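A.B. asks: Below you'll find the structure I mean.
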Amino acid sequence: MQSIYQRIEHLIESRGMTKKAFCETLGISTGNFGDWKRGKTTPSTNKLIEIAAFFSVSLDWLIIGKGNPTRVREARGEYGVDSESSDLPLMSGLAENEKEFIREYIEFSAYRKEKRND
């Protein structure tokens with residue numbers, strides 16, 4: 001059975017990110033990340049929620065590892081990111097999966113900003 005760390009590592013690799021970039025993006029110290037790897041500690045509940053939101057996976061899968069890392073979708077309009085964003089000149093030459101990555105990043109950034117303001 002995979003650990004929470006192993007599932008996070010799988011998500012990082014599947015996204016094509018480095019572990020350093022992941023830590024910087026989510027505000028995780030590399031020391032804490034190393035502690036997760038060694039099994040010394042596990043991410044806090046709030047951090048697990050952030051990680052699940054960032055990778056658009058279910059929190060259940062991230063914590064328990066049962067089933068597939070099903071992508072969770074929220075209504076795009078909630079954060080003001082919709083299909084019209086694809087029409088932006090900067091995005092016109094990008095592949096659909098690259099556009100989706102950018103949309104997800106914008107949604108995650110809005111989510112983090114909202115959480116900081118709570």
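Convention: chains lettered A, B, ... in structure tokens order; per-chain residue numbering from 1; ligands numbered from 1 as shown.
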Please report as CSV every residue of segment 39-64 of chain A lying within 8 Å of segment 30-35 of chain A, along with the nearest atom pair and their distance in Å (one decimal), using only C-alpha atoms.
C.D. replies:
```
residue,atom,partner,partner_atom,distance
A:Gly39,CA,A:Asp35,CA,6.1
A:Lys40,CA,A:Asp35,CA,5.0
A:Thr41,CA,A:Asp35,CA,5.6
A:Thr42,CA,A:Asp35,CA,7.6
```
A.B. asks: Excluding Pro43 of chain A and residues on its chain fewer than 6 positions from it, collect all residues at most 10 Å away from it, counting only C-alpha atoms, and give them as number ranges by chain.
C.D. replies: A: 4-5, 28, 32-33, 35-36, 49, 51, 63
A.B. asks: Please, could you write that set of residues out with N, CA and C atoms as a CSV table (one decimal), in the first residue's frame?
C.D. replies:
```csv
chain,number,residue,atom,x,y,z
A,4,ILE,N,0.9,8.3,1.9
A,4,ILE,CA,0.5,9.6,1.4
A,4,ILE,C,1.6,10.2,0.6
A,5,TYR,N,2.8,10.1,1.2
A,5,TYR,CA,4.0,10.7,0.5
A,5,TYR,C,4.1,10.1,-0.9
A,28,ILE,N,5.6,24.8,1.0
A,28,ILE,CA,6.0,23.7,1.9
A,28,ILE,C,7.6,23.8,2.0
A,32,ASN,N,10.2,19.9,5.7
A,32,ASN,CA,8.9,19.2,6.0
A,32,ASN,C,8.6,18.1,5.0
A,33,PHE,N,8.9,18.4,3.7
A,33,PHE,CA,8.7,17.5,2.6
A,33,PHE,C,9.5,16.2,2.9
A,35,ASP,N,10.6,15.2,5.7
A,35,ASP,CA,10.0,14.5,6.9
A,35,ASP,C,8.9,13.6,6.4
A,36,TRP,N,8.1,14.1,5.5
A,36,TRP,CA,7.0,13.3,4.9
A,36,TRP,C,7.5,12.0,4.3
A,49,ILE,N,-5.7,19.2,2.0
A,49,ILE,CA,-6.7,19.8,1.2
A,49,ILE,C,-6.2,20.7,0.1
A,51,ILE,N,-3.2,20.3,-1.4
A,51,ILE,CA,-2.6,19.4,-2.3
A,51,ILE,C,-3.6,18.8,-3.2
A,63,ILE,N,-5.6,10.6,0.8
A,63,ILE,CA,-5.4,10.1,2.2
A,63,ILE,C,-5.3,8.6,2.3
```
A.B. asks: Just how far from atom CA of Glu114 of chain A is atom CA of Met17 of chain A, in Å to one decimal?
C.D. replies: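 Result for atom CA of Met17 of chain A versus atom CA of Glu114 of chain A: 24.1 Å, one decimal.
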A.B. asks: I want to know what sits within 12 Å of Ile12 of chain A, based on only C-alpha atoms, with residues of the same chain fewer than 2 positions away left out; could you give that as a list in words?
C.D. replies: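 Near neighbours after the sequence-gap exclusion: Tyr5, Gln6, Arg7, Ile8, Glu9, His10, Ser14, Arg15, Gly16, Met17, Thr18, Lys19, Lys20, Ala21, Phe22, Cys23, Thr25, Leu26, Ile51, Ala52, Phe54 and Phe55 of chain A.
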A.B. asks: Quick one: of A:Glu96, A:Arg103, A:Trp61, A:Lys47, who's nearest to Gly27 of chain A, counting only C-alpha atoms?
C.D. replies: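 Among A:Glu96, A:Arg103, A:Trp61, A:Lys47, it is A:Lys47 that comes nearest to Gly27 of chain A.
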